[in-house]
$ cat upload36.cif   # mmCIF, C-alpha atoms and all ligand atoms
data_protein
#
loop_
_atom_site.label_atom_id
_atom_site.label_comp_id
_atom_site.auth_asym_id
_atom_site.auth_seq_id
_atom_site.Cartn_x
_atom_site.Cartn_y
_atom_site.Cartn_z
CA MET A 1 -114.13 -160.55 28.38
CA SER A 2 -110.93 -158.57 27.79
CA TYR A 3 -110.69 -155.81 25.22
CA ILE A 4 -108.19 -157.83 23.18
CA GLU A 5 -108.13 -161.62 23.29
CA VAL A 6 -105.77 -163.76 21.25
CA VAL A 7 -106.81 -167.39 21.58
CA ASN A 8 -104.73 -170.32 20.33
CA SER A 9 -103.47 -168.42 17.31
CA TYR A 10 -101.20 -170.07 14.74
CA LYS A 11 -99.34 -168.52 11.79
CA ARG A 12 -97.16 -170.53 9.42
CA TYR A 13 -95.18 -169.36 6.41
CA GLN A 14 -94.31 -171.62 3.51
CA MET A 15 -90.72 -171.12 2.30
CA GLY A 16 -90.18 -173.43 -0.66
CA ASP A 17 -90.32 -176.93 0.78
CA SER A 18 -90.01 -175.91 4.39
CA GLU A 19 -92.62 -174.46 6.71
CA ILE A 20 -91.82 -171.78 9.27
CA VAL A 21 -94.08 -171.60 12.30
CA ALA A 22 -94.01 -167.90 13.20
CA ASN A 23 -96.74 -168.06 15.89
CA GLU A 24 -97.45 -171.34 17.66
CA ASN A 25 -100.58 -171.58 19.79
CA ILE A 26 -100.35 -167.97 20.98
CA SER A 27 -102.81 -166.81 23.65
CA PHE A 28 -102.94 -163.59 25.68
CA GLU A 29 -105.33 -160.88 26.77
CA ILE A 30 -104.98 -157.10 26.95
CA GLU A 31 -107.30 -154.67 28.74
CA LYS A 32 -108.54 -151.39 27.30
CA GLY A 33 -106.25 -148.42 27.94
CA GLU A 34 -103.24 -150.51 28.90
CA LEU A 35 -99.70 -150.03 27.71
CA SER A 36 -98.49 -153.53 26.80
CA ILE A 37 -95.08 -154.66 25.65
CA ILE A 38 -94.45 -157.75 23.54
CA LEU A 39 -90.86 -158.66 24.35
CA GLY A 40 -88.64 -161.18 22.63
CA ALA A 41 -85.50 -161.76 20.58
CA SER A 42 -85.36 -161.22 16.84
CA GLY A 43 -87.33 -163.94 15.05
CA ALA A 44 -89.54 -164.75 18.05
CA GLY A 45 -92.72 -163.93 16.12
CA LYS A 46 -93.50 -160.49 17.57
CA SER A 47 -94.09 -158.59 14.34
CA THR A 48 -96.18 -161.46 13.05
CA ILE A 49 -98.71 -161.21 15.88
CA LEU A 50 -98.65 -157.38 15.78
CA ASN A 51 -99.45 -157.40 12.06
CA ILE A 52 -102.26 -159.88 12.68
CA LEU A 53 -103.68 -157.69 15.47
CA GLY A 54 -103.58 -154.76 13.04
CA GLY A 55 -105.36 -156.61 10.27
CA MET A 56 -102.31 -156.37 8.00
CA ASP A 57 -101.95 -160.14 7.95
CA SER A 58 -104.29 -162.96 8.96
CA ASN A 59 -103.67 -165.99 11.11
CA ASP A 60 -104.15 -169.63 10.06
CA SER A 61 -106.24 -170.64 13.06
CA GLY A 62 -107.30 -169.29 16.43
CA LYS A 63 -109.31 -166.25 17.46
CA ILE A 64 -108.26 -162.59 17.36
CA ILE A 65 -110.94 -160.76 19.30
CA ILE A 66 -110.83 -156.96 19.35
CA ASP A 67 -113.55 -155.22 21.36
CA GLY A 68 -115.85 -158.24 21.02
CA ASN A 69 -115.30 -158.89 17.30
CA ASP A 70 -113.26 -161.82 16.00
CA ILE A 71 -111.25 -160.20 13.21
CA SER A 72 -109.80 -163.56 12.17
CA ASN A 73 -113.18 -164.19 10.49
CA TYR A 74 -113.16 -160.88 8.60
CA ASN A 75 -113.08 -160.84 4.81
CA SER A 76 -110.65 -158.49 3.06
CA LYS A 77 -113.21 -155.68 2.82
CA GLN A 78 -113.93 -155.86 6.56
CA LEU A 79 -110.20 -155.99 7.30
CA THR A 80 -109.57 -152.88 5.20
CA LYS A 81 -112.27 -150.99 7.10
CA TYR A 82 -110.85 -152.25 10.41
CA ARG A 83 -107.29 -151.17 9.51
CA ARG A 84 -108.47 -147.81 8.26
CA GLU A 85 -110.75 -146.87 11.14
CA GLU A 86 -109.60 -148.70 14.21
CA VAL A 87 -105.83 -149.17 14.08
CA GLY A 88 -102.90 -146.80 14.33
CA PHE A 89 -99.50 -148.15 13.31
CA VAL A 90 -96.04 -146.85 14.23
CA PHE A 91 -93.02 -148.46 12.56
CA GLN A 92 -89.30 -148.52 13.31
CA PHE A 93 -88.45 -146.41 10.25
CA TYR A 94 -91.38 -143.94 10.50
CA ASN A 95 -92.73 -144.55 6.95
CA LEU A 96 -93.59 -140.90 6.32
CA VAL A 97 -94.34 -139.61 2.82
CA PRO A 98 -91.20 -137.59 1.93
CA ASN A 99 -92.81 -134.88 -0.18
CA LEU A 100 -95.57 -134.07 2.31
CA THR A 101 -95.17 -131.81 5.35
CA SER A 102 -95.76 -133.01 8.92
CA LYS A 103 -99.29 -131.64 8.80
CA GLU A 104 -99.99 -133.23 5.40
CA ASN A 105 -98.63 -136.58 6.58
CA VAL A 106 -101.06 -136.49 9.52
CA GLU A 107 -103.94 -135.34 7.27
CA LEU A 108 -103.32 -138.40 5.12
CA ALA A 109 -104.65 -140.45 8.02
CA SER A 110 -107.14 -138.02 9.58
CA GLU A 111 -108.95 -137.38 6.29
CA ILE A 112 -110.01 -141.00 5.90
CA VAL A 113 -111.99 -141.32 9.14
CA LYS A 114 -115.04 -139.53 10.54
CA ASN A 115 -114.03 -138.68 14.10
CA ALA A 116 -110.40 -137.71 13.58
CA SER A 117 -108.57 -135.24 15.79
CA ASP A 118 -107.33 -131.98 14.32
CA PRO A 119 -103.88 -132.67 12.78
CA VAL A 120 -102.33 -129.46 14.15
CA THR A 121 -103.60 -130.17 17.67
CA VAL A 122 -102.15 -133.68 17.61
CA LEU A 123 -98.81 -132.40 16.31
CA GLN A 124 -98.79 -129.87 19.15
CA GLU A 125 -99.49 -132.68 21.63
CA VAL A 126 -96.40 -134.59 20.51
CA GLY A 127 -94.30 -131.43 20.86
CA LEU A 128 -94.07 -130.47 17.19
CA ALA A 129 -95.85 -127.10 17.17
CA GLU A 130 -92.78 -125.58 15.50
CA ARG A 131 -92.43 -128.32 12.89
CA ILE A 132 -95.90 -128.42 11.36
CA ASN A 133 -94.88 -127.22 7.91
CA ASN A 134 -91.53 -129.02 7.70
CA PHE A 135 -90.83 -131.96 5.41
CA PRO A 136 -89.53 -135.26 6.87
CA ALA A 137 -85.99 -134.64 5.55
CA GLN A 138 -85.89 -131.43 7.61
CA LEU A 139 -86.65 -133.31 10.85
CA SER A 140 -84.53 -135.40 13.20
CA GLY A 141 -85.29 -139.10 13.62
CA GLY A 142 -87.11 -138.48 16.87
CA GLU A 143 -89.19 -135.71 15.31
CA GLN A 144 -90.07 -137.93 12.36
CA GLN A 145 -91.18 -140.65 14.75
CA ARG A 146 -93.34 -138.12 16.59
CA VAL A 147 -95.00 -137.18 13.28
CA ALA A 148 -95.60 -140.90 12.72
CA ILE A 149 -97.18 -141.18 16.19
CA ALA A 150 -99.33 -138.09 15.48
CA ARG A 151 -100.42 -139.68 12.20
CA ALA A 152 -101.32 -142.91 13.99
CA VAL A 153 -103.25 -141.30 16.86
CA ALA A 154 -105.05 -138.60 14.83
CA LYS A 155 -107.51 -141.28 13.74
CA ASN A 156 -108.39 -141.95 17.40
CA PRO A 157 -107.77 -145.64 16.82
CA LYS A 158 -109.01 -148.37 19.14
CA ILE A 159 -105.49 -149.71 19.30
CA LEU A 160 -102.09 -148.17 18.69
CA LEU A 161 -99.57 -150.75 17.48
CA CYS A 162 -95.87 -149.91 17.55
CA ASP A 163 -93.21 -152.18 16.05
CA GLU A 164 -89.76 -151.37 17.52
CA PRO A 165 -90.69 -147.65 17.66
CA THR A 166 -87.38 -146.68 19.30
CA GLY A 167 -85.24 -149.07 17.27
CA ALA A 168 -83.76 -146.35 15.05
CA LEU A 169 -83.46 -143.69 17.75
CA ASP A 170 -80.72 -142.72 20.18
CA TYR A 171 -81.21 -143.23 23.90
CA GLN A 172 -82.68 -139.85 24.90
CA THR A 173 -84.85 -139.54 21.82
CA GLY A 174 -86.07 -143.10 22.35
CA LYS A 175 -87.11 -142.18 25.87
CA GLN A 176 -89.04 -139.14 24.62
CA VAL A 177 -90.93 -141.33 22.16
CA LEU A 178 -91.72 -143.90 24.87
CA GLN A 179 -92.99 -141.07 27.08
CA ILE A 180 -95.38 -139.96 24.35
CA LEU A 181 -96.61 -143.52 23.89
CA GLN A 182 -97.08 -143.99 27.64
CA ASP A 183 -98.97 -140.66 27.81
CA MET A 184 -101.22 -141.88 24.99
CA SER A 185 -102.31 -144.70 27.25
CA ARG A 186 -102.32 -142.81 30.58
CA ILE A 187 -103.80 -139.49 29.43
CA GLN A 188 -105.74 -140.30 26.26
CA GLY A 189 -106.82 -143.80 27.34
CA ALA A 190 -105.46 -145.43 24.19
CA THR A 191 -104.69 -149.14 24.16
CA VAL A 192 -101.01 -149.19 23.18
CA ILE A 193 -98.97 -152.25 22.22
CA ILE A 194 -95.22 -151.91 21.77
CA VAL A 195 -93.07 -154.65 20.25
CA THR A 196 -89.43 -154.59 21.32
CA HIS A 197 -86.38 -156.81 21.77
CA ASN A 198 -85.11 -154.41 24.49
CA ALA A 199 -85.84 -155.96 27.90
CA ALA A 200 -84.88 -152.70 29.66
CA ILE A 201 -88.10 -151.09 28.39
CA ALA A 202 -90.38 -153.76 29.89
CA PRO A 203 -90.76 -152.20 33.40
CA ILE A 204 -92.70 -149.20 31.98
CA ALA A 205 -95.55 -151.44 30.78
CA ASP A 206 -98.78 -152.44 32.51
CA ARG A 207 -98.41 -155.86 30.92
CA VAL A 208 -95.44 -157.72 29.44
CA ILE A 209 -95.97 -160.58 27.01
CA ARG A 210 -92.75 -162.56 26.63
CA MET A 211 -92.26 -164.46 23.36
CA ARG A 212 -89.66 -167.03 22.43
CA ASP A 213 -89.48 -169.44 19.47
CA ALA A 214 -92.95 -168.48 18.18
CA LYS A 215 -94.60 -169.08 21.55
CA VAL A 216 -95.79 -166.93 24.44
CA LYS A 217 -93.58 -167.94 27.34
CA ALA A 218 -95.03 -165.70 30.04
CA VAL A 219 -97.45 -162.85 30.61
CA GLU A 220 -96.77 -160.53 33.54
CA VAL A 221 -99.10 -157.85 34.84
CA ASN A 222 -97.23 -154.95 36.41
CA HIS A 223 -99.23 -153.02 38.99
CA ASN A 224 -96.49 -150.41 39.50
CA PRO A 225 -95.02 -149.53 36.12
CA GLN A 226 -91.80 -147.56 36.31
CA LYS A 227 -91.44 -144.01 35.11
CA ILE A 228 -89.59 -143.73 31.84
CA ALA A 229 -87.14 -141.30 33.42
CA ASP A 230 -86.15 -144.09 35.86
CA ILE A 231 -85.28 -146.80 33.33
CA GLU A 232 -81.87 -147.18 31.72
CA TRP A 233 -80.37 -149.20 28.90
N1 LIG B 1 -93.56 -163.08 5.15
C1 LIG B 1 -92.80 -164.05 5.69
N2 LIG B 1 -92.44 -165.12 4.97
C2 LIG B 1 -91.69 -166.11 5.51
N3 LIG B 1 -91.26 -166.12 6.78
C3 LIG B 1 -91.58 -165.08 7.55
C4 LIG B 1 -92.37 -163.99 7.06
N4 LIG B 1 -92.53 -163.10 8.08
C5 LIG B 1 -91.88 -163.60 9.13
N5 LIG B 1 -91.31 -164.80 8.82
C6 LIG B 1 -90.54 -165.64 9.75
O1 LIG B 1 -91.32 -165.86 10.91
C7 LIG B 1 -90.49 -165.80 12.07
C8 LIG B 1 -90.99 -164.72 12.99
O2 LIG B 1 -90.78 -163.47 12.38
P1 LIG B 1 -91.19 -162.07 13.04
O3 LIG B 1 -92.60 -162.16 13.50
O4 LIG B 1 -90.86 -161.02 12.08
O5 LIG B 1 -90.23 -162.04 14.30
P2 LIG B 1 -89.77 -160.80 15.22
O6 LIG B 1 -90.61 -159.63 14.88
O7 LIG B 1 -89.96 -161.28 16.62
O8 LIG B 1 -88.33 -160.57 14.92
C9 LIG B 1 -89.07 -165.60 11.58
O9 LIG B 1 -88.43 -166.86 11.49
C10 LIG B 1 -89.27 -164.98 10.21
O10 LIG B 1 -88.18 -165.26 9.38
MG MG B 2 -90.07 -157.77 14.17
#
$ encode --input "upload36.cif" --output "structure tokens" --more "lines below"
Ligand SMILES: Nc1ncnc2c1ncn2[C@@H]1O[C@H](COP(=O)(O)OP(=O)(O)O)[C@@H](O)[C@H]1O
Ligand SMILES: [Mg+2]
Amino acid sequence: MSYIEVVNSYKRYQMGDSEIVANENISFEIEKGELSIILGASGAGKSTILNILGGMDSNDSGKIIIDGNDISNYNSKQLTKYRREEVGFVFQFYNLVPNLTSKENVELASEIVKNASDPVTVLQEVGLAERINNFPAQLSGGEQQRVAIARAVAKNPKILLCDEPTGALDYQTGKQVLQILQDMSRIQGATVIIVTHNAAIAPIADRVIRMRDAKVKAVEVNHNPQKIADIEW
């Protein structure tokens, strides 16, 4: 059994009289420690499945198995515990708390779990040793995203979910952030899932899940992922 298994998952949204099918019979697997990319155009249903994997939303039918547990059967209390203890989330627009420093933003996450990493150590790992006591407004976009990654990984989550993590960043800064995410998988052994519409990023992944019109169109396993320094867009 794979570490993550999505089996025949459906998600529909009701919009007035019409129904939108955001995920239609989605199935894929992801192995522990992989860097996976979910690739597809805007509206393909990528964020929907990422939110479901993170326990921030639930599917209508189908299984969502994480490390042997089907979270689609969880009640809201179980889902809260799952989100809190087992998932790290990185968003396009960082979502930092503006009146807390980098360290305090990371503590916000590390304080709620038992086996958290030391916030300062994690900030050092993402290259922010000199920015520990700065507020988000004093940081560049790339630095803010690195604080957000530190906040997500300080909990030592089972899975690190990233929704368009480079979407608001310039080219070089985006590459730095991708390098940190790839290192999280390669060095720390984290299971990292990145959602993107940018096909140029796909070659860095161990696995690419291609989505179109709410469906999974293809899953490719890449035995020789490219170095981030070697990709261009
Ligand atoms: N909360 C919601 N209510 C209604 N429709 C939604 C909601 N979330 C997403 N959708 C719709 O579901 C489809 C897939 O959305 P999404 O998963 O956000 O796509 P992507 O992340 O690939 O751009 C889109 O048509 C979107 O408008
Ligand atoms: Mg999206």
$ atom_distance --input "upload36.cif" --atom1 "atom CA of A:Gly174" --atom2 "atom CA of A:Gly142"
7.2 Å
$ closest_residue --input "upload36.cif" --among "A:Gly141, A:Pro203, A:Gly40, A:Gly33" --to "ligand MG 2 (chain B)" --atoms "all atoms listed in the file"
A:Gly40
$ closest_residue --input "upload36.cif" --among "A:Ile37, A:Val106, A:Leu160, A:Leu96" --to "A:Leu139" --atoms "all atoms listed in the file"
A:Leu96
$ residues_near_ligand --input "upload36.cif" --ligand "ligand LIG 1 (chain B)" --cutoff "8 Å" --atoms "only C-alpha atoms and all ligand atoms" --output "list in words"
Arg12, Tyr13, Gln14, Met15, Ile20, Val21, Ala22, Asn23, Gly40, Ala41, Ser42, Gly43, Ala44, Gly45, Lys46, Ser47, Thr48, Ile49, Asp163, Val195, His197, Met211 and Ala214 of chain A
$ closest_residue --input "upload36.cif" --among "A:Asn69, A:Asn224, A:Asn51, A:Asn105" --to "ligand MG 2 (chain B)" --atoms "only C-alpha atoms and all ligand atoms"
A:Asn51
$ decode --input "upload36.cif" --residues "stretch 201-217 of chain A" --atoms "all heavy atoms" --output "PDB file, in the first residue's frame"
ATOM      1  N   ILE A 201       8.037  23.501 -14.128  1.00  0.00           N
ATOM      2  CA  ILE A 201       8.510  23.018 -12.829  1.00  0.00           C
ATOM      3  C   ILE A 201       8.461  21.488 -12.744  1.00  0.00           C
ATOM      4  O   ILE A 201       9.200  20.866 -11.996  1.00  0.00           O
ATOM      5  CB  ILE A 201       7.662  23.645 -11.688  1.00  0.00           C
ATOM      6  CG1 ILE A 201       7.825  25.170 -11.679  1.00  0.00           C
ATOM      7  CG2 ILE A 201       8.042  23.079 -10.336  1.00  0.00           C
ATOM      8  CD1 ILE A 201       6.933  25.862 -10.660  1.00  0.00           C
ATOM      9  N   ALA A 202       7.602  20.876 -13.562  1.00  0.00           N
ATOM     10  CA  ALA A 202       7.328  19.439 -13.441  1.00  0.00           C
ATOM     11  C   ALA A 202       8.567  18.541 -13.443  1.00  0.00           C
ATOM     12  O   ALA A 202       8.602  17.562 -12.689  1.00  0.00           O
ATOM     13  CB  ALA A 202       6.348  19.011 -14.532  1.00  0.00           C
ATOM     14  N   PRO A 203       9.616  18.826 -14.254  1.00  0.00           N
ATOM     15  CA  PRO A 203      10.760  17.908 -14.298  1.00  0.00           C
ATOM     16  C   PRO A 203      11.518  17.739 -12.980  1.00  0.00           C
ATOM     17  O   PRO A 203      12.306  16.809 -12.845  1.00  0.00           O
ATOM     18  CB  PRO A 203      11.679  18.546 -15.359  1.00  0.00           C
ATOM     19  CG  PRO A 203      10.782  19.384 -16.192  1.00  0.00           C
ATOM     20  CD  PRO A 203       9.728  19.892 -15.261  1.00  0.00           C
ATOM     21  N   ILE A 204      11.313  18.608 -11.994  1.00  0.00           N
ATOM     22  CA  ILE A 204      12.040  18.464 -10.719  1.00  0.00           C
ATOM     23  C   ILE A 204      11.390  17.426  -9.806  1.00  0.00           C
ATOM     24  O   ILE A 204      11.971  17.044  -8.799  1.00  0.00           O
ATOM     25  CB  ILE A 204      12.140  19.807  -9.948  1.00  0.00           C
ATOM     26  CG1 ILE A 204      10.779  20.219  -9.375  1.00  0.00           C
ATOM     27  CG2 ILE A 204      12.738  20.895 -10.829  1.00  0.00           C
ATOM     28  CD1 ILE A 204      10.868  21.275  -8.286  1.00  0.00           C
ATOM     29  N   ALA A 205      10.188  16.976 -10.173  1.00  0.00           N
ATOM     30  CA  ALA A 205       9.414  16.110  -9.268  1.00  0.00           C
ATOM     31  C   ALA A 205       9.732  14.639  -9.472  1.00  0.00           C
ATOM     32  O   ALA A 205      10.139  14.211 -10.548  1.00  0.00           O
ATOM     33  CB  ALA A 205       7.920  16.336  -9.494  1.00  0.00           C
ATOM     34  N   ASP A 206       9.523  13.840  -8.423  1.00  0.00           N
ATOM     35  CA  ASP A 206       9.608  12.384  -8.526  1.00  0.00           C
ATOM     36  C   ASP A 206       8.361  11.827  -9.207  1.00  0.00           C
ATOM     37  O   ASP A 206       8.381  10.739  -9.765  1.00  0.00           O
ATOM     38  CB  ASP A 206       9.706  11.760  -7.128  1.00  0.00           C
ATOM     39  CG  ASP A 206      10.926  12.243  -6.380  1.00  0.00           C
ATOM     40  OD1 ASP A 206      12.025  12.141  -6.931  1.00  0.00           O
ATOM     41  OD2 ASP A 206      10.773  12.740  -5.243  1.00  0.00           O
ATOM     42  N   ARG A 207       7.269  12.591  -9.093  1.00  0.00           N
ATOM     43  CA  ARG A 207       5.996  12.119  -9.633  1.00  0.00           C
ATOM     44  C   ARG A 207       5.179  13.328 -10.075  1.00  0.00           C
ATOM     45  O   ARG A 207       5.124  14.331  -9.358  1.00  0.00           O
ATOM     46  CB  ARG A 207       5.232  11.377  -8.523  1.00  0.00           C
ATOM     47  CG  ARG A 207       3.951  10.697  -8.962  1.00  0.00           C
ATOM     48  CD  ARG A 207       3.285  10.048  -7.763  1.00  0.00           C
ATOM     49  NE  ARG A 207       4.124   9.006  -7.162  1.00  0.00           N
ATOM     50  CZ  ARG A 207       4.007   7.697  -7.416  1.00  0.00           C
ATOM     51  NH1 ARG A 207       3.054   7.255  -8.198  1.00  0.00           N
ATOM     52  NH2 ARG A 207       4.811   6.832  -6.841  1.00  0.00           N
ATOM     53  N   VAL A 208       4.600  13.248 -11.251  1.00  0.00           N
ATOM     54  CA  VAL A 208       3.770  14.338 -11.765  1.00  0.00           C
ATOM     55  C   VAL A 208       2.360  13.806 -11.996  1.00  0.00           C
ATOM     56  O   VAL A 208       2.165  12.812 -12.705  1.00  0.00           O
ATOM     57  CB  VAL A 208       4.330  14.917 -13.079  1.00  0.00           C
ATOM     58  CG1 VAL A 208       3.448  16.061 -13.580  1.00  0.00           C
ATOM     59  CG2 VAL A 208       5.767  15.396 -12.884  1.00  0.00           C
ATOM     60  N   ILE A 209       1.397  14.474 -11.372  1.00  0.00           N
ATOM     61  CA  ILE A 209      -0.009  14.101 -11.524  1.00  0.00           C
ATOM     62  C   ILE A 209      -0.661  15.196 -12.356  1.00  0.00           C
ATOM     63  O   ILE A 209      -0.745  16.355 -11.916  1.00  0.00           O
ATOM     64  CB  ILE A 209      -0.673  13.973 -10.134  1.00  0.00           C
ATOM     65  CG1 ILE A 209       0.001  12.844  -9.341  1.00  0.00           C
ATOM     66  CG2 ILE A 209      -2.179  13.739 -10.261  1.00  0.00           C
ATOM     67  CD1 ILE A 209      -0.134  12.964  -7.841  1.00  0.00           C
ATOM     68  N   ARG A 210      -1.038  14.863 -13.574  1.00  0.00           N
ATOM     69  CA  ARG A 210      -1.601  15.863 -14.483  1.00  0.00           C
ATOM     70  C   ARG A 210      -3.114  15.873 -14.383  1.00  0.00           C
ATOM     71  O   ARG A 210      -3.757  14.835 -14.563  1.00  0.00           O
ATOM     72  CB  ARG A 210      -1.194  15.569 -15.930  1.00  0.00           C
ATOM     73  CG  ARG A 210       0.272  15.778 -16.173  1.00  0.00           C
ATOM     74  CD  ARG A 210       0.671  15.474 -17.602  1.00  0.00           C
ATOM     75  NE  ARG A 210       2.128  15.398 -17.693  1.00  0.00           N
ATOM     76  CZ  ARG A 210       2.918  16.441 -17.940  1.00  0.00           C
ATOM     77  NH1 ARG A 210       2.382  17.626 -18.193  1.00  0.00           N
ATOM     78  NH2 ARG A 210       4.229  16.305 -17.959  1.00  0.00           N
ATOM     79  N   MET A 211      -3.672  17.070 -14.112  1.00  0.00           N
ATOM     80  CA  MET A 211      -5.135  17.209 -14.001  1.00  0.00           C
ATOM     81  C   MET A 211      -5.676  18.103 -15.106  1.00  0.00           C
ATOM     82  O   MET A 211      -5.051  19.079 -15.491  1.00  0.00           O
ATOM     83  CB  MET A 211      -5.508  17.805 -12.640  1.00  0.00           C
ATOM     84  CG  MET A 211      -5.307  16.835 -11.481  1.00  0.00           C
ATOM     85  SD  MET A 211      -6.039  17.450  -9.949  1.00  0.00           S
ATOM     86  CE  MET A 211      -7.801  17.313 -10.343  1.00  0.00           C
ATOM     87  N   ARG A 212      -6.857  17.727 -15.587  1.00  0.00           N
ATOM     88  CA  ARG A 212      -7.573  18.579 -16.539  1.00  0.00           C
ATOM     89  C   ARG A 212      -9.073  18.350 -16.366  1.00  0.00           C
ATOM     90  O   ARG A 212      -9.502  17.202 -16.238  1.00  0.00           O
ATOM     91  CB  ARG A 212      -7.158  18.267 -17.975  1.00  0.00           C
ATOM     92  CG  ARG A 212      -7.570  19.372 -18.958  1.00  0.00           C
ATOM     93  CD  ARG A 212      -7.482  18.918 -20.401  1.00  0.00           C
ATOM     94  NE  ARG A 212      -6.230  18.263 -20.703  1.00  0.00           N
ATOM     95  CZ  ARG A 212      -6.107  17.295 -21.604  1.00  0.00           C
ATOM     96  NH1 ARG A 212      -7.150  16.871 -22.291  1.00  0.00           N
ATOM     97  NH2 ARG A 212      -4.931  16.735 -21.831  1.00  0.00           N
ATOM     98  N   ASP A 213      -9.845  19.431 -16.360  1.00  0.00           N
ATOM     99  CA  ASP A 213     -11.309  19.318 -16.266  1.00  0.00           C
ATOM    100  C   ASP A 213     -11.746  18.380 -15.148  1.00  0.00           C
ATOM    101  O   ASP A 213     -12.553  17.474 -15.382  1.00  0.00           O
ATOM    102  CB  ASP A 213     -11.893  18.833 -17.599  1.00  0.00           C
ATOM    103  CG  ASP A 213     -11.643  19.800 -18.735  1.00  0.00           C
ATOM    104  OD1 ASP A 213     -11.424  20.993 -18.445  1.00  0.00           O
ATOM    105  OD2 ASP A 213     -11.665  19.378 -19.904  1.00  0.00           O
ATOM    106  N   ALA A 214     -11.182  18.585 -13.964  1.00  0.00           N
ATOM    107  CA  ALA A 214     -11.585  17.857 -12.744  1.00  0.00           C
ATOM    108  C   ALA A 214     -11.089  16.416 -12.680  1.00  0.00           C
ATOM    109  O   ALA A 214     -11.327  15.729 -11.692  1.00  0.00           O
ATOM    110  CB  ALA A 214     -13.106  17.885 -12.560  1.00  0.00           C
ATOM    111  N   LYS A 215     -10.395  15.978 -13.732  1.00  0.00           N
ATOM    112  CA  LYS A 215      -9.945  14.577 -13.755  1.00  0.00           C
ATOM    113  C   LYS A 215      -8.414  14.481 -13.733  1.00  0.00           C
ATOM    114  O   LYS A 215      -7.724  15.402 -14.135  1.00  0.00           O
ATOM    115  CB  LYS A 215     -10.443  13.881 -15.022  1.00  0.00           C
ATOM    116  CG  LYS A 215     -11.949  13.860 -15.197  1.00  0.00           C
ATOM    117  CD  LYS A 215     -12.295  12.996 -16.413  1.00  0.00           C
ATOM    118  CE  LYS A 215     -13.736  13.168 -16.842  1.00  0.00           C
ATOM    119  NZ  LYS A 215     -13.985  14.446 -17.573  1.00  0.00           N
ATOM    120  N   VAL A 216      -7.926  13.323 -13.285  1.00  0.00           N
ATOM    121  CA  VAL A 216      -6.504  13.021 -13.438  1.00  0.00           C
ATOM    122  C   VAL A 216      -6.311  12.435 -14.823  1.00  0.00           C
ATOM    123  O   VAL A 216      -6.909  11.419 -15.174  1.00  0.00           O
ATOM    124  CB  VAL A 216      -6.024  12.031 -12.357  1.00  0.00           C
ATOM    125  CG1 VAL A 216      -4.613  11.538 -12.671  1.00  0.00           C
ATOM    126  CG2 VAL A 216      -6.043  12.694 -10.987  1.00  0.00           C
ATOM    127  N   LYS A 217      -5.498  13.109 -15.633  1.00  0.00           N
ATOM    128  CA  LYS A 217      -5.293  12.666 -17.011  1.00  0.00           C
ATOM    129  C   LYS A 217      -4.106  11.726 -17.147  1.00  0.00           C
ATOM    130  O   LYS A 217      -4.069  10.882 -18.039  1.00  0.00           O
ATOM    131  CB  LYS A 217      -5.076  13.887 -17.930  1.00  0.00           C
ATOM    132  CG  LYS A 217      -6.343  14.657 -18.171  1.00  0.00           C
ATOM    133  CD  LYS A 217      -7.328  13.823 -18.986  1.00  0.00           C
ATOM    134  CE  LYS A 217      -8.665  14.533 -19.119  1.00  0.00           C
ATOM    135  NZ  LYS A 217      -9.687  13.671 -19.732  1.00  0.00           N
TER     136      LYS A 217
END
